[in-house]
$ cat entry.txt   # compact mmCIF, C-alpha atoms and all ligand atoms
# COMPACT_ATOMS: atom_id res chain seq x y z
CA MET I 1 -32.95 -0.21 7.63
CA GLY I 2 -32.66 3.42 6.63
CA GLY I 3 -32.25 4.38 3.02
CA GLY I 4 -28.58 5.27 2.62
CA LEU I 5 -26.63 8.04 4.31
CA SER I 6 -29.29 10.67 3.60
CA GLY I 7 -32.25 8.35 4.07
CA LEU I 8 -33.44 8.99 0.53
CA TRP I 9 -33.24 5.59 -1.07
CA ASP I 10 -35.15 3.06 0.96
CA GLY I 11 -34.65 -0.60 0.27
CA MET I 12 -31.98 -0.48 -2.40
CA THR I 13 -29.17 0.79 -0.17
CA PHE I 14 -27.66 -2.57 0.68
CA TRP I 15 -27.35 -3.55 -2.97
CA LEU I 16 -26.72 -0.25 -4.73
CA GLY I 17 -26.02 2.41 -2.11
CA SER I 18 -23.71 2.56 0.90
CA GLN I 19 -23.53 -0.40 3.30
CA GLY I 20 -21.92 1.84 5.89
CA TRP I 21 -19.01 -0.45 6.85
CA GLU I 22 -15.78 1.57 6.74
CA TYR I 23 -13.64 0.57 3.71
CA LEU I 24 -16.34 -1.82 2.44
CA GLU I 25 -19.09 0.75 2.05
CA ILE I 26 -20.07 0.16 -1.55
CA GLY I 27 -23.34 -1.67 -2.24
CA ARG I 28 -23.25 -5.46 -2.65
CA ALA I 29 -23.89 -5.32 -6.40
CA TRP I 30 -20.75 -3.18 -6.91
CA GLN I 31 -18.77 -5.55 -4.72
CA TRP I 32 -19.68 -8.46 -6.98
CA LEU I 33 -18.73 -6.32 -9.96
CA LEU I 34 -15.38 -5.63 -8.31
CA ILE I 35 -14.81 -9.37 -7.76
CA VAL I 36 -15.55 -10.04 -11.43
CA GLY I 37 -13.20 -7.17 -12.40
CA LEU I 38 -10.41 -8.52 -10.20
CA LEU I 39 -10.82 -12.02 -11.67
CA PHE I 40 -10.61 -10.49 -15.14
CA TRP I 41 -7.41 -8.70 -14.07
CA PHE I 42 -6.06 -12.06 -12.87
CA PHE I 43 -6.89 -13.56 -16.25
CA LEU I 44 -4.87 -10.76 -17.95
CA VAL I 45 -1.97 -11.38 -15.57
CA VAL I 46 -2.03 -15.14 -16.31
CA ARG I 47 -2.15 -14.50 -20.03
CA ASN I 48 1.02 -12.42 -19.84
CA THR I 49 2.81 -14.69 -17.39
CA VAL I 50 2.39 -17.96 -19.34
CA PRO I 51 5.56 -17.38 -21.44
CA ALA I 52 7.59 -16.93 -18.24
CA LEU I 53 6.32 -20.30 -16.92
CA LYS I 54 8.12 -21.97 -19.79
CA ARG I 55 11.48 -20.46 -18.81
CA PRO I 56 13.16 -22.48 -16.04
CA PRO I 57 15.10 -19.56 -14.47
CA VAL I 58 11.95 -17.65 -13.54
CA ARG I 59 9.44 -20.50 -13.41
CA LYS I 60 9.22 -20.90 -9.63
CA LEU I 61 9.00 -17.18 -8.98
CA SER I 62 6.35 -16.79 -11.67
CA ILE I 63 4.21 -19.46 -9.99
CA MET I 64 4.62 -17.61 -6.70
CA PHE I 65 3.67 -14.38 -8.43
CA LEU I 66 0.50 -15.96 -9.84
CA ILE I 67 -0.48 -17.33 -6.42
CA ALA I 68 -0.01 -13.87 -4.92
CA ALA I 69 -2.07 -12.32 -7.72
CA PHE I 70 -4.85 -14.90 -7.33
CA SER I 71 -5.09 -14.38 -3.59
CA ILE I 72 -6.09 -10.73 -4.17
CA PRO I 73 -9.52 -11.49 -5.75
CA VAL I 74 -10.02 -14.61 -3.59
CA PHE I 75 -9.46 -12.73 -0.37
CA TYR I 76 -11.93 -10.05 -1.33
CA LEU I 77 -14.64 -12.74 -1.14
CA PRO I 78 -15.14 -12.37 2.66
CA ALA I 79 -16.81 -9.05 1.75
CA VAL I 80 -19.88 -11.07 0.79
CA PHE I 81 -19.80 -13.35 3.87
CA PHE I 82 -22.16 -11.08 5.80
CA ASP I 83 -25.27 -9.04 5.24
CA ASN I 84 -26.96 -6.11 6.91
CA THR I 85 -28.31 -8.17 9.83
CA THR I 86 -25.10 -10.05 10.79
CA ASN I 87 -23.64 -9.62 14.27
CA TYR I 88 -21.07 -6.80 14.49
CA THR I 89 -18.17 -9.00 15.66
CA ILE I 90 -18.68 -11.40 12.75
CA VAL I 91 -18.81 -8.53 10.27
CA ASP I 92 -15.62 -7.06 11.75
CA THR I 93 -13.87 -10.43 11.52
CA TRP I 94 -14.42 -10.69 7.79
CA ARG I 95 -13.93 -6.97 7.20
CA PHE I 96 -10.39 -7.09 8.55
CA TRP I 97 -9.68 -10.32 6.75
CA ILE I 98 -9.85 -8.06 3.74
CA ILE I 99 -8.56 -4.72 4.96
CA HIS I 100 -5.64 -6.04 6.97
CA LEU I 101 -4.76 -9.15 4.99
CA TRP I 102 -4.81 -7.37 1.67
CA VAL I 103 -2.23 -4.81 2.71
CA GLU I 104 -0.24 -6.77 5.26
CA GLY I 105 -0.43 -10.15 3.55
CA PHE I 106 -1.21 -10.60 -0.12
CA PHE I 107 -0.28 -7.16 -1.46
CA GLU I 108 2.93 -7.35 0.52
CA LEU I 109 3.70 -10.79 -0.96
CA PHE I 110 2.72 -9.56 -4.42
CA ALA I 111 4.97 -6.50 -4.05
CA THR I 112 7.94 -8.54 -2.82
CA THR I 113 7.60 -11.12 -5.59
CA MET I 114 7.21 -8.41 -8.20
CA VAL I 115 10.29 -6.53 -7.02
CA ALA I 116 12.39 -9.73 -6.79
CA LEU I 117 11.26 -10.84 -10.25
CA THR I 118 12.16 -7.48 -11.73
CA PHE I 119 15.61 -7.52 -10.14
CA ILE I 120 16.27 -11.07 -11.34
CA GLU I 121 15.09 -10.19 -14.86
CA LEU I 122 17.40 -7.17 -14.94
CA GLY I 123 20.26 -9.36 -13.79
CA LEU I 124 20.83 -7.39 -10.61
CA VAL I 125 20.52 -10.35 -8.23
CA SER I 126 21.08 -14.03 -8.72
CA LYS I 127 18.09 -16.31 -9.09
CA GLN I 128 18.96 -18.24 -5.91
CA MET I 129 19.31 -15.17 -3.78
CA GLY I 130 16.03 -13.71 -5.11
CA LEU I 131 14.16 -16.96 -4.46
CA ARG I 132 15.62 -17.42 -1.00
CA LEU I 133 14.69 -13.92 0.06
CA ILE I 134 11.21 -14.21 -1.29
CA PHE I 135 10.49 -17.47 0.57
CA LEU I 136 11.89 -16.03 3.76
CA ASP I 137 9.80 -12.88 3.37
CA ALA I 138 6.67 -14.82 2.48
CA THR I 139 7.02 -16.99 5.59
CA LEU I 140 7.60 -14.01 7.84
CA ILE I 141 4.82 -11.94 6.24
CA PHE I 142 2.22 -14.68 6.68
CA MET I 143 3.37 -15.71 10.15
CA GLY I 144 3.01 -12.14 11.34
CA GLY I 145 0.21 -11.03 9.05
CA ILE I 146 -2.45 -13.69 9.59
CA ILE I 147 -2.38 -13.95 13.39
CA GLY I 148 -1.55 -10.23 13.49
CA THR I 149 -4.96 -9.38 12.03
CA GLY I 150 -6.09 -9.20 15.65
CA HIS I 151 -4.40 -5.81 16.11
CA HIS I 152 -7.61 -4.35 14.64
CA TRP I 153 -9.84 -6.18 17.12
CA TYR I 154 -8.18 -5.50 20.47
CA PHE I 155 -11.27 -3.75 21.73
CA SER I 156 -14.09 -5.44 19.87
CA GLY I 157 -14.63 -8.30 22.26
CA MET I 158 -11.37 -10.19 21.80
CA THR I 159 -10.19 -12.50 24.59
CA GLN I 160 -6.87 -11.85 26.38
CA PRO I 161 -4.92 -14.80 24.87
CA ASN I 162 -6.00 -13.59 21.43
CA MET I 163 -4.90 -10.09 22.26
CA MET I 164 -1.53 -11.32 23.42
CA LEU I 165 -0.93 -13.47 20.34
CA SER I 166 -2.04 -10.85 17.85
CA SER I 167 0.02 -8.08 19.43
CA CYS I 168 3.16 -10.28 19.43
CA PHE I 169 2.69 -11.50 15.88
CA SER I 170 1.82 -8.11 14.45
CA ALA I 171 4.91 -6.68 16.14
CA LEU I 172 6.86 -9.40 14.30
CA GLU I 173 5.57 -8.02 10.99
CA VAL I 174 8.22 -5.37 11.27
CA VAL I 175 10.94 -8.00 10.73
CA PRO I 176 10.25 -8.74 7.03
CA LEU I 177 9.85 -5.01 6.42
CA VAL I 178 13.31 -4.32 7.78
CA VAL I 179 14.70 -7.23 5.75
CA LEU I 180 13.03 -5.77 2.66
CA CYS I 181 14.51 -2.35 3.29
CA VAL I 182 18.01 -3.75 3.73
CA GLU I 183 17.47 -5.79 0.56
CA ALA I 184 16.37 -2.75 -1.40
CA TRP I 185 19.47 -0.91 -0.28
CA SER I 186 21.80 -3.74 -1.24
CA PHE I 187 20.01 -4.07 -4.59
CA ARG I 188 20.84 -0.43 -5.18
CA LYS I 189 24.49 -1.00 -4.35
CA THR I 190 24.59 -4.06 -6.59
CA ALA I 191 22.96 -2.06 -9.35
CA LEU I 192 25.27 0.92 -9.16
CA LEU I 193 28.55 -0.78 -8.37
CA GLY I 194 28.10 -4.10 -10.16
CA PRO I 195 30.13 -5.16 -13.19
CA ASP I 196 27.34 -4.73 -15.73
CA GLN I 197 25.66 -1.39 -15.31
CA THR I 198 23.73 -1.17 -18.55
CA MET I 199 20.45 -2.47 -17.13
CA ALA I 200 20.87 -0.59 -13.87
CA LYS I 201 21.44 2.65 -15.79
CA LYS I 202 18.59 2.02 -18.19
CA PHE I 203 16.11 1.27 -15.41
CA TYR I 204 17.53 3.73 -12.88
CA TRP I 205 14.26 5.56 -12.14
CA PRO I 206 11.98 2.51 -11.89
CA LEU I 207 14.61 1.10 -9.50
CA MET I 208 14.61 4.29 -7.45
CA PHE I 209 10.81 4.06 -7.09
CA MET I 210 11.24 0.48 -5.92
CA LEU I 211 13.80 1.66 -3.43
CA GLY I 212 11.11 4.11 -2.30
CA VAL I 213 8.84 1.11 -1.68
CA GLY I 214 11.48 -0.38 0.62
CA PHE I 215 11.99 2.93 2.42
CA TRP I 216 8.28 3.53 3.10
CA ASN I 217 7.70 -0.09 3.99
CA PHE I 218 10.23 0.44 6.73
CA ILE I 219 9.15 3.94 7.87
CA GLY I 220 5.41 3.95 7.11
CA ALA I 221 4.45 0.37 7.85
CA GLY I 222 7.32 -0.64 10.15
CA VAL I 223 8.06 2.36 12.34
CA LEU I 224 4.74 4.26 12.24
CA GLY I 225 2.69 1.02 12.30
CA PHE I 226 4.71 -0.31 15.20
CA LEU I 227 4.20 3.00 17.03
CA ILE I 228 0.45 2.31 17.36
CA ASN I 229 0.57 -1.45 17.47
CA MET I 230 0.74 -2.47 21.13
CA PRO I 231 -2.60 -2.89 22.94
CA ILE I 232 -1.58 -0.40 25.63
CA VAL I 233 -0.87 2.27 22.98
CA SER I 234 -3.86 1.34 20.84
CA TYR I 235 -6.15 1.71 23.86
CA PHE I 236 -5.41 5.44 23.93
CA GLU I 237 -4.88 6.26 20.26
CA VAL I 238 -7.13 3.93 18.21
CA GLY I 239 -8.75 5.84 15.38
CA THR I 240 -6.88 9.13 15.94
CA TYR I 241 -4.60 11.14 13.66
CA LEU I 242 -1.77 8.74 14.51
CA THR I 243 -3.74 6.06 12.66
CA SER I 244 -4.02 8.29 9.57
CA ASN I 245 -0.36 9.13 9.95
CA HIS I 246 0.54 5.45 9.64
CA GLY I 247 -2.16 4.66 7.05
CA HIS I 248 -1.03 7.39 4.63
CA ALA I 249 2.69 6.67 4.92
CA ALA I 250 2.18 2.93 4.42
CA MET I 251 -0.54 3.03 1.80
CA PHE I 252 0.87 5.56 -0.63
CA GLY I 253 4.47 4.95 0.36
CA VAL I 254 4.36 1.25 -0.40
CA PHE I 255 1.60 0.52 -2.88
CA GLY I 256 1.42 3.95 -4.53
CA MET I 257 5.17 3.93 -5.14
CA LEU I 258 5.03 0.34 -6.36
CA SER I 259 2.37 1.05 -8.97
CA LEU I 260 4.33 4.08 -10.19
CA ALA I 261 7.51 1.96 -10.37
CA LEU I 262 5.66 -0.59 -12.51
CA CYS I 263 4.25 2.16 -14.76
CA LEU I 264 7.79 3.46 -15.21
CA MET I 265 9.12 0.02 -16.11
CA VAL I 266 6.60 -0.13 -18.93
CA LEU I 267 7.30 3.46 -20.01
CA ARG I 268 11.05 2.84 -20.06
CA GLU I 269 10.68 -0.39 -21.98
CA SER I 270 8.54 1.32 -24.60
CA ALA I 271 10.79 4.38 -25.05
CA SER I 272 13.98 4.76 -27.06
CA ASP I 273 16.97 6.39 -25.31
CA GLU I 274 16.28 9.76 -27.00
CA VAL I 275 12.63 9.78 -26.00
CA TRP I 276 13.52 8.77 -22.46
CA ALA I 277 16.07 11.59 -22.20
CA LYS I 278 13.24 14.09 -22.78
CA ALA I 279 11.14 12.62 -19.95
CA GLU I 280 13.86 11.90 -17.42
CA LYS I 281 14.11 15.27 -15.70
CA TRP I 282 10.33 15.25 -15.10
CA ILE I 283 10.57 11.82 -13.54
CA LYS I 284 13.41 12.91 -11.29
CA CYS I 285 11.31 15.90 -10.17
CA SER I 286 8.31 13.64 -9.61
CA PHE I 287 10.30 11.17 -7.53
CA TRP I 288 11.52 13.84 -5.13
CA GLY I 289 8.21 15.73 -5.20
CA LEU I 290 6.20 12.65 -4.20
CA ASN I 291 8.61 11.57 -1.47
CA ILE I 292 9.19 15.00 0.02
CA GLY I 293 5.48 15.89 -0.30
CA LEU I 294 4.45 12.75 1.55
CA MET I 295 7.08 13.31 4.21
CA LEU I 296 5.90 16.93 4.72
CA MET I 297 2.27 15.78 5.07
CA LEU I 298 3.36 13.51 7.89
CA VAL I 299 5.86 15.74 9.64
CA LEU I 300 3.98 19.05 9.39
CA SER I 301 0.44 17.81 9.82
CA LEU I 302 -0.62 14.25 10.63
CA MET I 303 2.07 13.43 13.16
CA PRO I 304 1.93 16.60 15.30
CA ALA I 305 -1.89 16.50 15.14
CA GLY I 306 -1.72 12.86 16.28
CA PHE I 307 0.48 13.60 19.28
CA LEU I 308 -1.64 16.59 20.21
CA GLN I 309 -4.77 14.44 20.09
CA LEU I 310 -3.06 11.74 22.14
CA TRP I 311 -2.17 14.34 24.74
CA ASP I 312 -5.82 15.35 24.88
CA VAL I 313 -6.83 11.70 25.40
CA PHE I 314 -4.61 11.66 28.50
CA SER I 315 -5.71 15.03 29.83
CA SER I 316 -9.43 15.17 28.93
CA GLY I 317 -10.41 11.67 27.85
CA TYR I 318 -10.86 9.78 24.61
CA TRP I 319 -14.44 11.02 24.11
CA HIS I 320 -13.17 14.61 24.17
CA ALA I 321 -10.17 14.04 21.87
CA ARG I 322 -12.47 12.57 19.21
CA SER I 323 -15.20 15.23 19.49
CA VAL I 324 -15.80 17.63 16.60
CA GLU I 325 -15.37 20.57 19.01
CA PHE I 326 -11.84 19.48 19.77
CA THR I 327 -10.76 18.41 16.29
CA ASN I 328 -12.02 21.70 14.81
CA SER I 329 -10.42 23.88 17.45
CA GLY I 330 -7.17 25.83 17.85
CA LEU I 331 -3.91 24.10 17.22
CA LEU I 332 -5.46 20.88 15.96
CA SER I 333 -7.38 22.71 13.26
CA PHE I 334 -4.16 24.61 12.40
CA PHE I 335 -2.33 21.32 11.87
CA GLY I 336 -5.26 20.16 9.75
CA TYR I 337 -4.75 23.11 7.39
CA PHE I 338 -1.00 22.64 7.55
CA ARG I 339 -1.51 19.61 5.32
CA MET I 340 -1.42 22.12 2.46
CA PRO I 341 2.36 22.64 2.00
CA GLY I 342 2.93 18.89 1.72
CA ASP I 343 -0.14 18.41 -0.50
CA LEU I 344 0.97 21.20 -2.84
CA VAL I 345 4.50 19.81 -3.19
CA PHE I 346 2.98 16.36 -3.77
CA ILE I 347 0.64 17.62 -6.51
CA PHE I 348 2.81 20.20 -8.29
CA PHE I 349 6.23 18.58 -7.99
CA GLY I 350 5.08 14.96 -7.82
CA ALA I 351 1.82 14.07 -9.56
CA ILE I 352 1.84 16.65 -12.39
CA PRO I 353 5.49 16.03 -13.47
CA PHE I 354 4.73 12.29 -13.54
CA PHE I 355 1.82 12.96 -15.84
CA ILE I 356 3.97 15.21 -18.06
CA ALA I 357 6.69 12.54 -18.29
CA SER I 358 4.16 9.86 -19.31
CA TRP I 359 2.59 12.20 -21.82
CA LYS I 360 6.00 13.05 -23.33
CA VAL I 361 6.95 9.41 -23.77
CA TRP I 362 3.59 8.65 -25.33
CA ARG I 363 3.77 11.65 -27.68
CA PHE I 364 7.34 11.18 -28.85
CA ASN I 365 6.83 7.44 -29.16
CA SER I 366 3.89 7.93 -31.50
CA LYS I 367 5.91 10.52 -33.47
CA THR I 368 8.82 8.11 -33.93
CA SER I 369 6.57 5.23 -34.90
CA VAL I 370 4.98 7.40 -37.64
CA LYS I 371 8.40 7.82 -39.28
C1 LIG B 401 2.22 -1.72 3.77
C2 LIG B 401 1.70 -2.17 4.87
C3 LIG B 401 0.58 -1.48 5.63
C4 LIG B 401 -0.43 -0.70 5.16
C5 LIG B 401 -0.74 -0.29 3.72
C6 LIG B 401 -1.23 -0.31 6.32
C7 LIG B 401 -2.35 0.51 6.27
C8 LIG B 401 -3.16 0.79 7.34
C9 LIG B 401 -4.37 1.59 7.31
C10 LIG B 401 -4.93 2.30 6.06
C11 LIG B 401 -4.89 1.62 8.56
C12 LIG B 401 -6.15 2.35 9.02
C13 LIG B 401 -7.28 1.38 9.28
C14 LIG B 401 -8.47 2.02 9.96
O1 LIG B 401 -8.76 3.20 9.68
O2 LIG B 401 -9.13 1.34 10.75
C15 LIG B 401 -4.04 0.82 9.40
C16 LIG B 401 -4.26 0.59 10.75
C17 LIG B 401 -3.37 -0.05 11.57
N1 LIG B 401 -2.13 -0.58 11.23
FE1 LIG B 401 -1.39 -0.70 9.35
N2 LIG B 401 -0.68 -0.86 7.44
C18 LIG B 401 0.44 -1.57 7.07
C19 LIG B 401 1.30 -2.26 7.90
C20 LIG B 401 1.22 -2.30 9.29
C21 LIG B 401 2.18 -2.93 10.18
C22 LIG B 401 3.45 -3.65 9.72
C23 LIG B 401 1.73 -2.75 11.45
C24 LIG B 401 2.33 -3.17 12.76
C25 LIG B 401 3.58 -3.15 13.04
C26 LIG B 401 0.47 -2.02 11.37
C27 LIG B 401 -0.31 -1.69 12.45
C28 LIG B 401 -1.55 -1.08 12.36
C29 LIG B 401 -2.46 -0.90 13.51
C30 LIG B 401 -2.21 -1.31 14.94
C31 LIG B 401 -3.60 -0.26 13.00
C32 LIG B 401 -4.85 0.14 13.78
C33 LIG B 401 -4.65 1.52 14.32
C34 LIG B 401 -5.90 2.17 14.82
O3 LIG B 401 -7.04 1.72 14.54
O4 LIG B 401 -5.74 3.19 15.50
N3 LIG B 401 0.20 -1.75 10.04
N4 LIG B 401 -2.97 0.33 8.64
FE FE B 402 -3.32 -4.37 10.13

$ encode --input "entry.txt" --output "structure tokens"
Amino acid sequence: MGGGLSGLWDGMTFWLGSQGWEYLEIGRAWQWLLIVGLLFWFFLVVRNTVPALKRPPVRKLSIMFLIAAFSIPVFYLPAVFFDNTTNYTIVDTWRFWIIHLWVEGFFELFATTMVALTFIELGLVSKQMGLRLIFLDATLIFMGGIIGTGHHWYFSGMTQPNMMLSSCFSALEVVPLVVLCVEAWSFRKTALLGPDQTMAKKFYWPLMFMLGVGFWNFIGAGVLGFLINMPIVSYFEVGTYLTSNHGHAAMFGVFGMLSLALCLMVLRESASDEVWAKAEKWIKCSFWGLNIGLMLMLVLSLMPAGFLQLWDVFSSGYWHARSVEFTNSGLLSFFGYFRMPGDLVFIFFGAIPFFIASWKVWRFNSKTSVK
């Protein structure tokens, strides 16, 4: 075994350096540290969820939430099921048990439960409706998600029946995403037109970020994931810009937006109305900046680059479309640089305003508490 990417650190690479497996590169020692960290996070989550377990209206959902949270550290464990001499197909099996099932299984369940719990707590949907939707979604997510893991293995020695099953089931994953998007939209209507608007008004921006989760789940994961999902499409495009196009839209769109929504819930809860009024315009700017920035990254750069690369696969062959000469040349390189407008909008109108809003709430909160 060589010593890391530069060959400088013989022997220790596997434990402390880079293992070289995409997405699970970090050395084994850090992976164990991550597992311990995630278990500690789960402990913190349990500690804060115990009071909810004692309240019958949210008891069932809270148990579901804890199961979803626990499955995140547990399903990182396959990362230690192989070492540096294991057969490639076995490594890839466990690798995608993590990569795919985290985002298309447990995170998705966690996100759905979290959103439903929040809406029930705010009184925007009834307990029954929230529970029903979450069980339906969970069933659909796992039916599609687990067998669907095979959409990452089409061409790593999978048999034809496997290929058939995994392509059908991963195509089915789009169903819960559409359901979620429709739900998010009806939640919004309920929130804005319902009889009691106090909560909906108070938590307007966290709710909008959650609506963003529904939107990107549909577009990023559903539409752009579906675009590259069938074996016949995957055969030509696997690992091209169309993959990044989907990965970015789904990853930031769904889980980035969700974490910001949860941050905002906490910020809103901790701020008085006056303090919130000072931060609100920055949050509004951030919401649009992040969404428009992400959309521009896709529309101006990743998507056209992806189609251009796909065209080159057809005309010159896959080997050519993935070569450095091609990806650094002409129009493709232009689209690479054309990531900048979207990135700049994302940073200056999205990320920075979000930081300013959080800073304002924190500063004015500490001022008021001094009084
Ligand atoms: C929120 C949910 C999702 C997230 C965060 C997500 C994220 C990602 C990421 C980061 C990759 C790149 C993996 C790599 O580089 O090898 C990927 C690949 C892929 N995703 Fe998703 N995804 C989601 C949902 C979906 C859904 C619902 C489908 C199918 C309808 C799908 C189909 C695919 C396929 C086929 C690939 C492999 C593409 C290739 O290697 O070219 N994804 N996904
Ligand atoms: Fe996947």

$ closest_atom_pairs --input "entry.txt" --of "chain I" --to "ligand FE 402 (chain B)" --cutoff "10 Å" --atoms "all atoms listed in the file" --output "JSON lines"
{"residue": "I:Phe96", "atom": "CA", "partner": "B:FE402", "partner_atom": "FE", "distance": 7.7}
{"residue": "I:Trp97", "atom": "CA", "partner": "B:FE402", "partner_atom": "FE", "distance": 9.3}
{"residue": "I:Ile98", "atom": "CA", "partner": "B:FE402", "partner_atom": "FE", "distance": 9.9}
{"residue": "I:Ile99", "atom": "CA", "partner": "B:FE402", "partner_atom": "FE", "distance": 7.4}
{"residue": "I:His100", "atom": "CA", "partner": "B:FE402", "partner_atom": "FE", "distance": 4.3}
{"residue": "I:Leu101", "atom": "CA", "partner": "B:FE402", "partner_atom": "FE", "distance": 7.2}
{"residue": "I:Trp102", "atom": "CA", "partner": "B:FE402", "partner_atom": "FE", "distance": 9.1}
{"residue": "I:Val103", "atom": "CA", "partner": "B:FE402", "partner_atom": "FE", "distance": 7.5}
{"residue": "I:Glu104", "atom": "CA", "partner": "B:FE402", "partner_atom": "FE", "distance": 6.2}
{"residue": "I:Gly105", "atom": "CA", "partner": "B:FE402", "partner_atom": "FE", "distance": 9.2}
{"residue": "I:Gly145", "atom": "CA", "partner": "B:FE402", "partner_atom": "FE", "distance": 7.6}
{"residue": "I:Ile146", "atom": "CA", "partner": "B:FE402", "partner_atom": "FE", "distance": 9.4}
{"residue": "I:Gly148", "atom": "CA", "partner": "B:FE402", "partner_atom": "FE", "distance": 7.0}
{"residue": "I:Thr149", "atom": "CA", "partner": "B:FE402", "partner_atom": "FE", "distance": 5.6}
{"residue": "I:Gly150", "atom": "CA", "partner": "B:FE402", "partner_atom": "FE", "distance": 7.8}
{"residue": "I:His151", "atom": "CA", "partner": "B:FE402", "partner_atom": "FE", "distance": 6.2}
{"residue": "I:His152", "atom": "CA", "partner": "B:FE402", "partner_atom": "FE", "distance": 6.2}
{"residue": "I:Trp153", "atom": "CA", "partner": "B:FE402", "partner_atom": "FE", "distance": 9.7}
{"residue": "I:Ser170", "atom": "CA", "partner": "B:FE402", "partner_atom": "FE", "distance": 7.7}
{"residue": "I:Glu173", "atom": "CA", "partner": "B:FE402", "partner_atom": "FE", "distance": 9.6}
{"residue": "I:Ala221", "atom": "CA", "partner": "B:FE402", "partner_atom": "FE", "distance": 9.4}
{"residue": "I:Gly225", "atom": "CA", "partner": "B:FE402", "partner_atom": "FE", "distance": 8.4}
{"residue": "I:Asn229", "atom": "CA", "partner": "B:FE402", "partner_atom": "FE", "distance": 8.8}
{"residue": "I:Gly247", "atom": "CA", "partner": "B:FE402", "partner_atom": "FE", "distance": 9.6}

$ residues_near_point --input "entry.txt" --point "(7.3, 10.1, -16.6)" --cutoff "7 Å" --atoms "only C-alpha atoms" --output "PyMOL selection string"
chain I and resi 264+279-280+282-283+353-358

$ residues_near_ligand --input "entry.txt" --ligand "ligand LIG 401 (chain B)" --cutoff "8 Å" --atoms "all atoms listed in the file" --output "PyMOL selection string"
chain I and resi 22+99-100+103-104+107-108+151-152+170-174+177+217+220-230+234+237-240+242-244+246-255

$ residues_around --input "entry.txt" --residues "Trp21 of chain I" --least-positions-apart "3" --cutoff "10 Å" --atoms "all atoms listed in the file" --output "list in words"
Ser18, Leu24, Glu25, Ile26, Asn84, Val91, Asp92 and Arg95 of chain I

$ atom_distance --input "entry.txt" --atom1 "atom CA of Ile352 of chain I" --atom2 "atom CA of Lys281 of chain I"
12.8 Å

$ residues_near_point --input "entry.txt" --point "(1.7, -14.5, -3.4)" --cutoff "9 Å" --atoms "all atoms listed in the file" --output "list in words"
Ile63, Met64, Phe65, Leu66, Ile67, Ala68, Ala69, Phe70, Ser71, Ile72, Gly105, Phe106, Phe107, Glu108, Leu109, Phe110, Ala111, Thr112, Thr113 and Ala138 of chain I

$ atom_distance --input "entry.txt" --atom1 "atom CA of Gly214 of chain I" --atom2 "atom CA of Ser186 of chain I"
11.0 Å

$ atom_distance --input "entry.txt" --atom1 "atom CA of Ile292 of chain I" --atom2 "atom CA of Gly350 of chain I"
8.9 Å

$ closest_residue --input "entry.txt" --among "I:Val345, I:Leu117, I:Leu308, I:Ala52" --to "Thr327 of chain I" --atoms "all atoms listed in the file"
I:Leu308

$ closest_residue --input "entry.txt" --among "I:Val50, I:Leu180, I:Val58, I:Leu267" --to "Gly123 of chain I" --atoms "only C-alpha atoms"
I:Val58

$ closest_residue --input "entry.txt" --among "I:Trp32, I:Phe349, I:Phe215, I:Phe187" --to "Gly293 of chain I" --atoms "all atoms listed in the file"
I:Phe349

$ closest_residue --input "entry.txt" --among "I:Val125, I:Leu140, I:Ile35, I:Leu290" --to "Phe169 of chain I" --atoms "all atoms listed in the file"
I:Leu140

$ closest_residue --input "entry.txt" --among "I:Gly212, I:Gly342, I:Gly336, I:Gly130" --to "Met297 of chain I" --atoms "all atoms listed in the file"
I:Gly342

$ axis_aligned_box --input "entry.txt" --around "segment 52-63 of chain I" --padding-each-side "5 Å" --output "lines of an AutoDock Vina configuration file"
center_x = 9.7
center_y = -19.6
center_z = -14.4
size_x = 20.9
size_y = 15.7
size_z = 20.8

$ closest_residue --input "entry.txt" --among "I:Trp276, I:Tyr88, I:Phe81, I:Phe287" --to "Trp359 of chain I" --atoms "all atoms listed in the file"
I:Trp276

$ residues_around --input "entry.txt" --residues "Gly17 of chain I" --least-positions-apart "5" --cutoff "8 Å" --atoms "all atoms listed in the file" --output "VMD selection string"
chain I and resid 4 9 12 26 to 27

$ write_last_selection --input "entry.txt" --atoms "C-alpha atoms" --output "mmCIF file, in the frame of the given file"
data_model
loop_
_atom_site.group_PDB
_atom_site.id
_atom_site.type_symbol
_atom_site.label_atom_id
_atom_site.label_comp_id
_atom_site.auth_asym_id
_atom_site.auth_seq_id
_atom_site.Cartn_x
_atom_site.Cartn_y
_atom_site.Cartn_z
ATOM 1 C CA GLY I 4 -28.580 5.270 2.620
ATOM 2 C CA TRP I 9 -33.240 5.590 -1.070
ATOM 3 C CA MET I 12 -31.980 -0.480 -2.400
ATOM 4 C CA ILE I 26 -20.070 0.160 -1.550
ATOM 5 C CA GLY I 27 -23.340 -1.670 -2.240
#
